[in-house]
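Read the structure below first, then the notes.
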Amino acid sequence: MQESSVVAGIDWAAELHAVSVLGADSKVIERFDVTHDSQALHVMVSKFRKAGVTKGSNRARR
């Protein structure tokens with residue numbers, strides 16, 4: 001499987017998670033918040049797929 005040049009980052013918190021999707025040029029494609037519930041997390045994954053995010057990395061930037 002070819003890796004996508006579109007990436008997503010999640011600032012995971014207790015109840016509200018901030019999400020950014022970035023293109024190959026590192027420009028923001030979309031930013032949104034999701035609540036910590038099943039429906040919202042499914043919407044988040046759907047947005048990832050629509051934007052072309054195909055594979056994740058469990059690597060935190062500091």
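Numbering starts fresh at 1 for the residues of each chain in the structure tokens, the chains themselves are lettered A, B, ... in the order given, and ligands are numbered from 1 as they appear.
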
Item to check | Who sits within 12 Å of Ala13 of chain A, only C-alpha atoms, same chain under 3 positions skipped, as a VMD selection string | outcome: chain A and resid 10 16 to 19 33 to 36

Item to check | Sel. of helix (DSSP H, G or I) residues, chain A, as a list in words | outcome: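 Matching residues, listed in order: Ser38, Gln39, Ala40, Leu41, His42, Val43, Met44, Val45, Ser46, Lys47, Phe48, Arg49, Lys50 and Ala51 of chain A.
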
Item to check | Straight-line distance linking atom CA of Thr54 of chain A with atom CA of Val6 of chain A, stated in Å to one decimal | outcome: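 Result for atom CA of Thr54 of chain A versus atom CA of Val6 of chain A: 7.9 Å, one decimal.
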
Item to check | All strand (DSSP E) positions in segment 4-60 of chain A, as a ChimeraX atom specification | outcome: /A:7-11,16-22,28-35

Checklist entry - What does the distance between atom CA of Ile29 of chain A and atom CA of Ala14 of chain A come to in Å, to one decimal place? => result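 Atom CA of Ile29 of chain A sits 24.7 Å away from atom CA of Ala14 of chain A.
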
Checklist entry - Within 9 Å of Gly9 of chain A, counting only C-alpha atoms, which residues qualify if same-chain residues fewer than 2 places away don't, as number ranges by chain? => result A: 7, 11, 18-22, 60

Selected residues written out, C-alpha atoms, as a PDB file, in the first residue's frame:
ATOM      1  CA  VAL A   7      -1.519  13.520   7.348  1.00  0.00           C
ATOM      2  CA  ASP A  11      -4.582  16.812  20.200  1.00  0.00           C
ATOM      3  CA  ALA A  18      -8.620  19.175  18.273  1.00  0.00           C
ATOM      4  CA  VAL A  19      -7.888  17.718  14.829  1.00  0.00           C
ATOM      5  CA  SER A  20      -5.873  19.060  11.889  1.00  0.00           C
ATOM      6  CA  VAL A  21      -5.502  17.526   8.435  1.00  0.00           C
ATOM      7  CA  LEU A  22      -2.468  18.683   6.418  1.00  0.00           C
ATOM      8  CA  ALA A  60       3.953  12.577  18.891  1.00  0.00           C
TER       9      ALA A  60
END

Checklist entry - Of the candidates A:Asp25, A:Asp37, A:Glu30, A:Glu15, which shows the shortest atom-to-atom distance to Lys50 of chain A, using only C-alpha atoms? => result A:Glu30

Item to check | Coordinates-based distance that separates atom CA of Ser26 of chain A from atom CA of Ser38 of chain A (Å, one decimal) | outcome: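 Taking atom CA of Ser38 of chain A and atom CA of Ser26 of chain A, their separation equals 28.7 Å.
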
Checklist outcome for this item: Counting only C-alpha atoms, closest pick from A:Val53, A:Ala40, A:Lys47, A:Ala8 relative to Val28 of chain A is A:Ala8
